[in-house]
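The block underneath contains the structure these notes are about, expressed in structure tokens.
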Amino acid sequence: MVELALANLASPALLYAGCALGAIGIALALPRKGVSPQIVGALIAGAGLGAMLLAIGIVNPRVLPNYHFYIFGFIALGASLRVITHPRPVYAALYFILTILASAGLYVLMSAEFMAFALIIVYAGAILITYLFVIMLATETPTADAVEALSEYDRYSREPVLGSITGLVLLAGLTTLIGRGVGEMQPASIYTNADRIEWLPRKVEQSLRRAGLMLPDEHIARGEPAANGAPGPLLISLNPGPDGAIVGSVTVAYGQAGTKVISSDDPNWPADLGISNPEGVGFTLLADHPGGIEVAGVILLMAMLGAVVLARRKVQLDEDARRDLMARRQSEQLARGGVNEPFAANTPLAPSTLSGNWEGGAA
Amino acid sequence: MSGLAGQLAIMHETLGSLALAAGDAAHAQPRFGTGVGAKFDVPRLFGLIPFIPLLACALCGLCAAMKVKTKLPAAITVGCLLASFGLTIGLYAQVHANPGDFAIIHAFEWINFQWGQSEAQSLTANFSFYADSLTALWMLFVTGLATLIALYASEYMSHDVGQGYCRFFMAFSLFVFSMACLVMGDNLALLFLGWEGVGLCSYLLIGYFYKKPSAVAAAKKAFVVNRIGDLGLSLGVMLAFVQFGSLEYAEIFRKAEPFLALARDGQWQDIPWTVQLIPILLTIGAFGKSAQLPLYVWLPDAMEGPTPVSALIHAATMVTAGVYLVARMFPLFLVSEHALTIVAWGGALTALLAATIGMAQFDIKRIMAYSTVSQLGYMFCGLGVMGVMGGPAHVFTHAFFKAMLFLACGAVMHGFAGQLDLRKLSGLGKMPGWRIVTVAMFVGCINLAGVPFITAGFYSKDTILGDAFANPAMVPIGWILLITAGLTAYYTFRVFFRVFVGPAYYEPGDELHAHDDHSHDHAHANKDHGHDSHGHGHSAWQPHPPGWAINTVLILLTILSFAAIVTVFKADGWLYRMVTNSSAGAGIAADHHHKFFGFDAHAAMKVVSGIVAIAGIAVAFVLHYSGRTSAATSKADSLVPMLGPIPRWAQNKWYVDEFYHFLFVRPLWLLSVVFAAIDKVLVDGLVNVFGWVPKALAKTARPLQNGVLHDYALRMAGGVALLLLIIVLMVNRGDRTSAAASIPPTDNSIGTLPAAPAAVDPIAVSLDPIRAKAQEAVR
Amino acid sequence: MNWMLLLLLLPLAGAALVAFMPEKSARQVATLVTLLCCVPFLAMVGQFDWARSGVDQFQTTAVWFEPLGLSFRLAADSITMLLVGLTVLLGPICVVASYTAISERQKTYYAWLLVLQTAMTGVFLARDMVLFYVFFEFTLVPMFVLISLYGSTNRKYAAVKFFLYTFTGSILTLAGLAYVALEAARANGFWSFDFEALKTAARGMTFDQQKWVFIALMVGFAVKVPVFPFHTWLPLAHTEAPTAGSVVLAGVLLKLGTYGIFRFALQFTPVAAYEYAPALAVLGVVGIIYAGLICWVQSDIKKLVAYSSVSHLGFCVIGLFALNGVGLSGSVMYMINHGLSTGALFLLIGMIYERYHTREFKKLGGLASQMPVWSTFMVFFAMASVGLPGLNGFISEFMCLLGTFQAGGTTWTEFGMIPGRFGDASLLPGATFGNLGPWFAAFAAVGMVVTAIYILYMVGKIVWGEFKAPGHSAHAHNHAKGHGHDNHHGAAHADHAHGPLPRDLSGREIAVLVPLAVACLWLGLYPSPVLRTLEEPVAMVVTQVRADVLRNAQAALPADPQTADAHTPALLQQAATITEPGRR
Amino acid sequence: MNTLFCTLAQSGWPEPMPTGTLFHYLVISAAMFVIGLIGFVTRRNLIIMFLCTELMFQAAGLSLIAFSRFHLNHTGETFVIFVLTVAAAEAALALALVVLLFRRKESLDAERWAELRG
């Protein structure tokens, strides 16, 4: 009871303290004018995360995740912290890949192996690479003396404190609500989709053969053919059992008309017979959400078309942007002490990397 | 003219045919009653009397639309008015055959509204005409004089043929229609229609020369001042309706009968306040229309109109509408303790004031206007002193001679290019072609001055004076009137002696009115005016004496004004019967036998007022005739310094106009300005403040919409965070309120939200207090 | 044939037609359609049972949205017929009057004008509260467009102010009506927005409820009328609106407010209307005098006439709150008459504006010499506006005042008049049930004088006097002084006529004015047939109000009459005095 | 602290790999989401802002997987596929737009695109 009371008392406080620490850390770590102690910030934020996780642990000490969770969690959050704090977009993108990887680890922890790899392939492999391309495409024209100079908008973030406070409140609220139940996770082996093993007769057959329950000349029997001559159903009757294992029986035919029933009571019954993660996802996707797939397809098509249309658009530099650019170049020239040749108001700008586009003439 | 002759014939025929009590007939028979007898029927044909002039108006309008450039409108008007006059004589014959009774001629429904069973729930005011002897009396001279003056105007207005000619006769005919409605209407609403209608026509005709700012201002003034009176009248009408439940005379008189009985016994306290108030309110209306203190100021200015208009509307007929109202409503005036006193005093003071102003004026038309005001005061006195006959009688006689005076003035004005200044005209009688005008003027003057025994004006005025002195309460008024009589005689003959006799001299006026205002008219080609006489300077200018129409009318009026003696010569003569056989005869004081220095008031007045009149004329003779050598000066000028500032004050009309302007017009105007400012600043400002509140809010909130994505996102996130916070707090409260122990800390479910406090429909919740309150109120 | 439906749909179809026709023919189509609208109206007049003029006739109901009890319910009683008649009459007049005034974007203009006609007709015909409200609010949209697109210089501001002000007010009205509907739903167990159902429910409410409903209703209607402190949008909107817009605004849109008061404020919340009648009448009287005086100092002719509307409608309001037959019918007549005469005045001013492009008193004058026909009409309608007997204005003004005078109120004593709740029966036998009295009438009657002052000021300034118009005042003056060559004076001015317009009115313009003039004369000289049709509906309203007030008062009467003292509401004291209708 | 160590000892750490509670994963997810949000709100580079949205997507995906695991079905995982789809589509379009915007202004500063201000 003492523990419970302590848990009740300490956990919200710890939780909120963790949130606050995290927020302070982020606020410190964000790039800004003056000092932005990123390491200090990161440490504080890490401490905050630790505090939060500790608080969670206190709430329900019986069910703690193993250390992989903590490792992946810290990496994921740390990398995302770097994503938002790193002034250089390229590094941010790279850190994001790290986040993805750590997340994938967490997915694996939760037995979502398929999604973990899909995530890495799609995100890290495709999307983030696109990002990297764009980052390189959309970088300011480097000037002669400041090749590595960061843009002003990368150097300074906007209202880090306010943003952090908002984040703090949000996070505190979210965790409070999340923490209202513990939600212990059952072993992954009792996925309810296991009944769909019936839909995979070939897998059952292979498994049974591997276990030696089915001989090479045997095959799964069929029921009575339908009236129109269609072959009858395969005689598989498998269901998830109470402990997650597959129970039931398979009727096997051999020879001309011989049948036998293989039951799960058989001691040789393969223990690993069941639905794997990709199989389950596939079933769910195709059987339960076929419309969703269509929609996703349409979305992707539209995005592709949109991207094509947008990329082909020819745009001109804005008036004010042009003015800014000119002023900037002028001041750079002056600073360089180079030839004092101010631009005439209507002089076309020197072609830059994108000059082909903004001289194109189409509005 | 045959109509008029017929009238006279009938009059003679009936002289003395009425049985009267012995003694001094004028006040012999004390009677208190409505004076309304039985109802009799007359042919509906007589209902056309008002509508024939309306037809003339419509036809003149048609002429205007067709751009008729002849004297056709005048012909139409004269013809129609003559027809109307003929019908009036017929009506008179009917009325005469039923003395003391009345007839109602229903023309058509006007307002006939009944929304319930009771009397108060119906409002009836039809185009129905009430015919009794008072109506007949008024209609006789209204239509008769209107015919004559229309004839006169056909010549007088001839400059304007093709210009305003149609307009003039339209308004003229419309006036007769309105006046007929006023006089003949059988209910107060129709009277009000006529009342305002004559006001409109007066407005239109005063402003006939609409390019003259003074004419426009005078027209406006006339209308507005009349409206003030009409305000009183309309309130009186409404009060009468609420009091008696009807607007119809017959009904009102019937209902007033019991009050009359009370009034006879002097039991004023038993007569409701409201009943006594009605005549006072009506008096306001009467004083407005008939130009009495304090509302007389419009009438002198009304002389801006063409002279025929002045003669008909502003001297003979319209201005007597007030007298008619009092006479018609006499039963109601009798039941009010103070109404008649107010009438009498108002009349007397006006008479004196107007006479004093008239003495100091130089514009002869204006003098006539003030004399009209003054004489109207006499008429009100005649009614106010409860003499009954005097007022209407004076109206009748005055109508003729005053119309004649105006028409004579008009002839002068017409002939001398608008000259009206008595200092610039002299000895017209000696000029060729002006004899008839001079004679007419003389006859008018002796009537107005009240030269004894030979003039109708003398008798009617004398009746009023006698009545005043006979009424013990009204002796001061008698004295005022007597003084006024002297003044009247003086200023009347001042005009005559200055203008029509003495050395011949004239200066033409600056311009004929018509020429001034219609300088581009086509009347120059008119032979009557001698085209060559204009536009070549004054040296070649010759006065042009009046033509046949004007002369004929003047002659006829001269005859008529003498003929009128017959009607008033005897105290119980035709006029007396015409008046007393109607509602005006409702009450004749029994105790009015006050003696004038031991003599019978009426008899004494015949002498005294005669002497006063002669004296006034004599003074005028001495001051303005004897030894006068030039037009501009007279012996009176030497008297002026002796009187100090008084002549100047009198000449400036005692500054009454300025006083009114200072006291009413200016403050009202300032009030309007203030109101306009208040409306703009305060009322509209307040509205705008309400408009600004959201605007200001928007202005403060607008920076939030700065277009920066971050800020939007931040605010969105903040909003979500805030909502989350609220939810968390709600959930926590729910936890606390519900039994905390019942939820095990290691519940396997993801924290479900606790149930809402009380699951009821939100509308019911929000409205519950109101409903509860309502139920409470029901209980 | 459902003529009412046709009357609603015809202009709407016309609007659609106009929208698809070429620009040139827009006005012809609009004219034709508005003229065609007379056909269904005349058919309605023919079929209407005038003997039962107080009863809703031609009842048409179509279910609109069943669960909420919404229905498309139309009907007409005599008051509706009169106001629809006014709308139908003004329709072609507005269209024809705009021929030359509107030269750009004609299609939009005429289409919106036609839509506006549908909306206005719908307001009067609707017998379902929601339908009524939809039409009521929908009138704002076309008017907003007309003002903001075709108005004068400050049109945007005026349009926005007009829209927002009236809309804000109407929202409170909606709240009040919705509350009544809720009460009705509570009482009946089902939703219904039928007027009759709502009326029954509303009359069943307690005084406290009625009070708030009444106030909510009145806010919207008072803004619409407009009653004194809520009037400032009106002069602005009138001044900025195009001529036809002003005509419709003055002619019909303002009447929506008074019509609403008549239909809802008086019939739904009779007790509250009775109790608050003096307050509203005070506002009316103040408006009469205040707005009238403001008219006098205006420099813009149109603004003067606009303020005169405020002043005139004060009479209408006091007539309504007299709550007796004469006052109510006077008010209804006032709605018609004001629409005719003020509409005509706006038309006349518009004609001047088209010619001289100004409405300033300073710049105009003496038009009588240049435009005799115009001047004749001007004087005529000015006199109708003044309330000259024989023209329409008088009937209504007089009846409003008389009704107010009659309407109970005011205790008369020997020492003077003390404003009180009820008259002494013995002193004023002709007083009827009501809560106003002679004092109100007396002060309102002062408006007669004020009206005369400002109308004559206007007439004197622009009709009479020396001719003066922008650009040629000096010229005219010089010639007036001369003698010989003046014959050409008039002809010379013909050159100054602007555009295709003749110096004086064209035949088209006369044709626009003549129907109004005829109607003015007819209603002034022979209003009896119209008044007759008002007897029944008005009597019904009065009976209802009276019954409710008495019931309410008697219900609140304490059991022991001795306890009724100064604290007892005046209503109770009245209840004791009232024994029978009318004559007390 | 004592409690913590006790529980750590009891958990049989490191074996037998208990997955932990839903809470753990959701907290990680929430934290990642909030980090992404903060990044979106504070960073001005358009591309980094998009990266932050991807972070938030990622957080959502993590919680979906966690719920999927918790409920022992694959629906959550399926939805992650859709999240990936949307993320991909968004990346394609958004990056194209970013390129366009950059061409317009020669800058990736989101604050410069404030034309929509009220």
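Please note that chains go A, B, ... in the order of the structure tokens, that every chain numbers its residues from 1, and that ligands are numbered from 1 in the order shown.
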### Distance query Ser29 (chain D) at most 8 Å, only C-alpha atoms, self and fewer than 3 positions along chain excluded, as number ranges by chain
D: 25-26, 32-33, 59-60, 62-63
Using only C-alpha atoms, what does the table of chain D residues within 12 Å of chain B look like, with each row giving the shortest atom pair and its distance in Å to one decimal, sorted by chain and ascending number, as a Markdown table?
| residue | atom | partner | partner_atom | distance |
| --- | --- | --- | --- | --- |
| D:Thr21 | CA | B:Asn748 | CA | 10.2 |
| D:Leu22 | CA | B:Ile750 | CA | 9.0 |
| D:Phe23 | CA | B:Ile750 | CA | 9.2 |
| D:Leu26 | CA | B:Ile750 | CA | 11.3 |
| D:Phe33 | CA | B:Ala717 | CA | 11.3 |
| D:Val34 | CA | B:Ala717 | CA | 9.6 |
| D:Gly36 | CA | B:Ala717 | CA | 11.4 |
| D:Leu37 | CA | B:Ala717 | CA | 7.8 |
| D:Ile38 | CA | B:Leu714 | CA | 8.4 |
| D:Gly39 | CA | B:His710 | CA | 9.9 |
| D:Phe40 | CA | B:His710 | CA | 7.1 |
| D:Val41 | CA | B:His710 | CA | 4.9 |
| D:Thr42 | CA | B:His710 | CA | 6.9 |
| D:Arg43 | CA | B:His710 | CA | 8.2 |
| D:Arg44 | CA | B:His710 | CA | 7.9 |
| D:Asn45 | CA | B:His710 | CA | 10.7 |
| D:Leu46 | CA | B:Leu709 | CA | 10.0 |
| D:Met49 | CA | B:His710 | CA | 9.4 |
| D:Thr53 | CA | B:Ala713 | CA | 11.4 |
| D:Phe67 | CA | B:Ile750 | CA | 10.6 |
| D:Phe70 | CA | B:Ile750 | CA | 10.5 |
| D:His71 | CA | B:Ser749 | CA | 11.0 |
| D:Asp109 | CA | B:Val708 | CA | 10.2 |
| D:Ala110 | CA | B:Leu709 | CA | 6.8 |
| D:Glu111 | CA | B:Val708 | CA | 5.3 |
| D:Arg112 | CA | B:Val708 | CA | 7.7 |
| D:Trp113 | CA | B:Val708 | CA | 6.8 |
| D:Ala114 | CA | B:Gly707 | CA | 4.0 |
| D:Glu115 | CA | B:Gly707 | CA | 6.0 |
| D:Leu116 | CA | B:Gly707 | CA | 4.7 |
| D:Arg117 | CA | B:Gly707 | CA | 3.8 |
| D:Gly118 | CA | B:Gln705 | CA | 5.0 |
## Note on the structure
If you count only C-alpha atoms, the residue of C:Leu131, C:Met143, C:Met205, C:Leu42 closest to chain B turns out to be C:Met205
### Task
Write out as a PyMOL selection string every residue belonging to chain B that has an atom at most 7 Å from any atom of chain C, counting only C-alpha atoms.
chain B and resi 109-116+118+120-121+193+196-197+210-213+216+220+224+227-228+231+235+238+241-245+272-274+519-521+535+672-673+675-676+683-684+774+777-778
